[in-house]
>>> print(open('protein.txt').read())   # compact mmCIF, C-alpha atoms
# COMPACT_ATOMS: atom_id res chain seq x y z
CA PRO I 1 110.44 95.06 88.31
CA HIS I 2 109.93 91.28 88.24
CA ILE I 3 106.25 91.61 89.15
CA LEU I 4 105.81 94.18 86.38
CA ASP I 5 107.60 91.84 83.96
CA ILE I 6 105.20 89.00 84.82
CA LEU I 7 102.14 91.21 84.47
CA LYS I 8 103.37 92.49 81.10
CA GLU I 9 104.08 88.99 79.82
CA GLU I 10 100.63 87.79 80.94
CA ASN I 11 98.86 90.97 79.72
CA VAL I 12 97.35 91.54 83.17
CA LYS I 13 96.67 94.94 84.71
CA ALA I 14 96.95 95.53 88.45
CA THR I 15 96.80 98.29 91.03
CA PHE I 16 99.87 99.29 93.00
CA PHE I 17 99.30 100.96 96.37
CA ILE I 18 102.66 102.54 96.99
CA LEU I 19 104.68 103.93 99.85
CA ASP I 20 107.13 106.79 99.70
CA TYR I 21 109.93 106.23 97.22
CA GLY I 22 113.25 107.78 96.32
CA GLU I 23 114.95 108.72 93.08
CA GLY I 24 116.31 105.20 92.72
CA THR I 25 112.85 103.73 92.32
CA GLU I 26 111.06 106.54 90.46
CA TYR I 27 111.50 104.54 87.27
CA LEU I 28 109.25 101.80 88.70
CA VAL I 29 106.54 104.31 89.61
CA LYS I 30 106.68 105.67 86.06
CA ARG I 31 106.67 102.17 84.61
CA ILE I 32 103.52 101.26 86.57
CA VAL I 33 101.66 104.08 84.86
CA GLU I 34 103.29 103.65 81.44
CA GLU I 35 102.26 99.98 81.33
CA GLY I 36 98.60 100.77 82.09
CA HIS I 37 98.36 99.81 85.74
CA SER I 38 96.66 101.96 88.35
CA ILE I 39 98.81 103.78 90.84
CA ALA I 40 97.38 104.40 94.26
CA ILE I 41 98.54 105.56 97.68
CA HIS I 42 99.27 103.19 100.53
CA SER I 43 100.79 105.75 102.88
CA LYS I 44 103.87 107.88 103.13
CA SER I 45 105.17 105.50 105.80
CA HIS I 46 104.16 101.99 106.79
CA ASP I 47 105.57 102.54 110.27
CA TYR I 48 102.37 102.38 112.34
CA PRO I 49 103.51 104.76 115.12
CA VAL I 50 104.34 107.32 112.41
CA CYS I 51 101.41 107.01 110.01
CA TYR I 52 98.82 106.51 112.76
CA ALA I 53 100.22 109.02 115.24
CA SER I 54 97.22 111.26 114.53
CA PRO I 55 94.64 111.83 111.80
CA ASP I 56 96.73 114.75 110.52
CA ALA I 57 99.85 112.56 110.32
CA TYR I 58 98.12 110.12 108.00
CA LEU I 59 96.18 112.72 106.00
CA ASN I 60 99.25 114.92 105.48
CA GLY I 61 101.16 111.83 104.37
CA ILE I 62 98.65 110.89 101.69
CA GLU I 63 98.46 114.49 100.48
CA ASP I 64 102.28 114.49 100.19
CA MET I 65 102.17 111.20 98.30
CA LYS I 66 99.43 112.42 95.98
CA ALA I 67 101.57 115.43 95.04
CA LYS I 68 104.72 113.33 94.66
CA ILE I 69 102.99 110.77 92.41
CA LYS I 70 101.54 113.55 90.28
CA ASN I 71 104.96 115.14 89.98
CA THR I 72 106.54 111.82 88.98
CA THR I 73 103.83 110.47 86.66
CA GLY I 74 101.36 113.24 85.85
CA VAL I 75 98.60 111.12 87.44
CA GLU I 76 96.53 112.54 90.28
CA THR I 77 95.30 109.55 92.22
CA LYS I 78 92.72 109.54 94.96
CA LEU I 79 92.78 105.78 95.51
CA ILE I 80 94.16 104.64 98.87
CA ARG I 81 94.67 101.56 100.99
CA PHE I 82 95.27 102.03 104.70
CA PRO I 83 98.30 100.22 106.17
CA GLY I 84 96.81 97.15 107.80
CA GLY I 85 93.48 97.83 106.08
CA SER I 86 90.55 99.88 107.33
CA SER I 87 89.74 97.17 109.87
CA ASN I 88 93.17 97.19 111.55
CA THR I 89 93.23 97.40 115.32
CA VAL I 90 96.95 98.08 115.71
CA SER I 91 96.25 101.78 115.06
CA ARG I 92 94.31 101.91 118.35
CA LYS I 93 97.63 101.61 120.17
CA TYR I 94 98.78 104.95 118.72
CA SER I 95 95.51 106.84 118.33
CA PRO I 96 92.21 105.41 119.63
CA GLY I 97 89.39 105.88 117.11
CA ILE I 98 91.71 106.98 114.32
CA MET I 99 90.39 104.60 111.66
CA SER I 100 86.81 105.84 112.09
CA THR I 101 88.09 109.40 111.70
CA LEU I 102 90.31 108.56 108.72
CA VAL I 103 87.58 106.72 106.85
CA ARG I 104 85.24 109.68 107.27
CA GLU I 105 87.89 112.30 106.44
CA THR I 106 89.33 110.55 103.39
CA LEU I 107 85.88 110.06 101.89
CA GLN I 108 85.00 113.71 102.55
CA ARG I 109 88.21 114.72 100.73
CA GLY I 110 87.21 112.69 97.69
CA TYR I 111 89.48 109.69 98.25
CA ARG I 112 88.27 106.14 97.75
CA TYR I 113 89.72 103.47 99.98
CA TYR I 114 90.03 99.79 99.22
CA ASP I 115 90.65 96.78 101.37
CA TRP I 116 90.88 93.22 100.09
CA ASN I 117 88.74 90.13 100.18
CA VAL I 118 91.46 87.64 99.22
CA ALA I 119 94.69 87.60 101.23
CA SER I 120 97.73 85.89 99.76
CA GLY I 121 99.52 85.77 103.12
CA ASP I 122 102.74 86.73 101.36
CA SER I 123 103.80 89.33 103.92
CA GLY I 124 103.60 86.82 106.73
CA GLY I 125 101.98 83.53 107.49
CA VAL I 126 102.98 81.61 104.39
CA HIS I 127 106.56 80.73 103.65
CA ASP I 128 106.58 79.57 100.05
CA ALA I 129 105.01 80.04 96.62
CA GLU I 130 102.70 77.07 97.11
CA GLY I 131 101.18 78.70 100.20
CA VAL I 132 100.62 81.98 98.33
CA TYR I 133 99.05 80.11 95.42
CA ASN I 134 96.77 78.07 97.69
CA ASN I 135 95.62 81.12 99.67
CA VAL I 136 94.73 83.07 96.55
CA THR I 137 93.12 80.31 94.52
CA SER I 138 91.04 79.07 97.46
CA GLY I 139 89.94 82.64 98.28
CA LEU I 140 88.64 83.58 94.82
CA LYS I 141 84.87 83.59 94.37
CA GLN I 142 82.98 83.76 91.06
CA THR I 143 80.10 85.67 92.67
CA ARG I 144 81.99 88.88 93.52
CA SER I 145 84.77 91.21 92.51
CA ASN I 146 87.92 89.82 94.07
CA ILE I 147 90.57 92.18 95.33
CA VAL I 148 93.68 90.12 96.02
CA LEU I 149 96.24 91.49 98.47
CA MET I 150 99.80 90.74 97.40
CA HIS I 151 103.06 92.52 98.16
CA ASP I 152 105.85 93.45 95.79
CA PHE I 153 108.60 94.20 98.29
CA SER I 154 112.14 93.37 97.28
CA GLY I 155 113.02 89.73 97.68
CA ASN I 156 109.42 88.48 97.91
CA HIS I 157 110.29 85.44 95.82
CA LYS I 158 107.27 83.45 96.95
CA THR I 159 104.93 85.94 95.25
CA MET I 160 107.07 86.21 92.14
CA GLU I 161 107.05 82.41 91.86
CA ALA I 162 103.33 82.02 92.59
CA LEU I 163 102.01 84.86 90.43
CA PRO I 164 102.25 83.20 86.98
CA ASN I 165 100.47 80.10 88.30
CA ILE I 166 97.78 82.22 89.99
CA ILE I 167 97.19 84.07 86.72
CA ASP I 168 96.97 80.77 84.81
CA PHE I 169 94.49 79.38 87.37
CA ALA I 170 92.32 82.50 87.17
CA LYS I 171 92.32 82.61 83.36
CA ASN I 172 91.51 78.89 83.13
CA ASN I 173 88.62 79.28 85.57
CA GLY I 174 86.82 82.19 83.94
CA TYR I 175 88.20 85.10 85.95
CA SER I 176 89.26 88.35 84.32
CA PHE I 177 91.70 90.97 85.53
CA ASP I 178 91.34 94.70 85.84
CA ARG I 179 92.90 97.57 87.66
CA ILE I 180 91.08 99.62 90.25
CA THR I 181 89.84 103.00 89.03
CA ASP I 182 87.73 105.71 90.62
CA LYS I 183 84.69 103.89 89.15
CA THR I 184 85.48 100.57 90.85
CA PRO I 185 83.04 99.81 93.67
CA MET I 186 84.84 99.96 96.98
CA VAL I 187 85.64 96.69 98.74
CA THR I 188 85.98 97.46 102.43
CA GLN I 189 86.17 95.68 105.74
CA GLY I 190 84.43 96.78 108.92
CA VAL I 191 86.24 99.53 110.80
CA GLN I 192 87.21 98.35 114.29
CA ASN I 193 88.96 101.42 115.66
>>> encode(input="protein.txt", output="structure tokens")
Amino acid sequence: PHILDILKEENVKATFFILDYGEGTEYLVKRIVEEGHSIAIHSKSHDYPVCYASPDAYLNGIEDMKAKIKNTTGVETKLIRFPGGSSNTVSRKYSPGIMSTLVRETLQRGYRYYDWNVASGDSGGVHDAEGVYNNVTSGLKQTRSNIVLMHDFSGNHKTMEALPNIIDFAKNNGYSFDRITDKTPMVTQGVQN
């Protein structure tokens, strides 16, 4: 809710790639949509041995999430982000070649997948708001669409603290903000499995 509060205060729209959720957090999923953000599917589970056990495990999970999101919000999303990104190699440990299969299959089913080209490092690597801020602001480029990877997990104070300053930096340096839609050109990394 704090991330949504910041985005609302700054009048910035974002895209939330979500995992499975329970009744206790349905209100956040609804709020994402009500406040004009895009809602997208990350996976049903972020547990790599579960989501990447087989192509069917992942594909069934995103179909379940698509139905759940539609039931909760009325929105039928076909936007996805693979856990670890399309270029992850950890999936090889559970199912060799799975990412090549999943990229092909998701596109054939009408999904659009997005990776990122600016990593905040907020899920590991950096330990404070200054590190998140520095990673994002140094990664932005005026010559492209920037998709910034940030995480909104509970207790991620470094992102909550860095986000207003990142928004100020971007606004003061001529960047604009938008949510991902089915018309947004895909930003992808090279598949390595």
>>> residues_near_point(input="protein.txt", point="(101.1, 91.1, 79.5)", cutoff="12 Å", atoms="all atoms listed in the file", output="ChimeraX atom specification")
/I:3-14,35-37,164,167,177
>>> atom_distance(input="protein.txt", atom1="atom CA of His157 of chain I", atom2="atom CA of Gly139 of chain I")
20.7 Å
>>> residues_around(input="protein.txt", residues="His46 of chain I", least_positions_apart="5", cutoff="8 Å", atoms="all atoms listed in the file", output="list in words")
Leu19, Cys51 and Pro83 of chain I
>>> atom_distance(input="protein.txt", atom1="atom CA of Lys141 of chain I", atom2="atom CA of Asp178 of chain I")
15.4 Å
>>> residues_around(input="protein.txt", residues="Lys68 of chain I", least_positions_apart="3", cutoff="12 Å", atoms="all atoms listed in the file", output="ChimeraX atom specification")
/I:18-23,26,29-30,39-41,43-44,61-65,71-77
>>> atom_distance(input="protein.txt", atom1="atom CA of Ala119 of chain I", atom2="atom CA of Lys93 of chain I")
23.7 Å
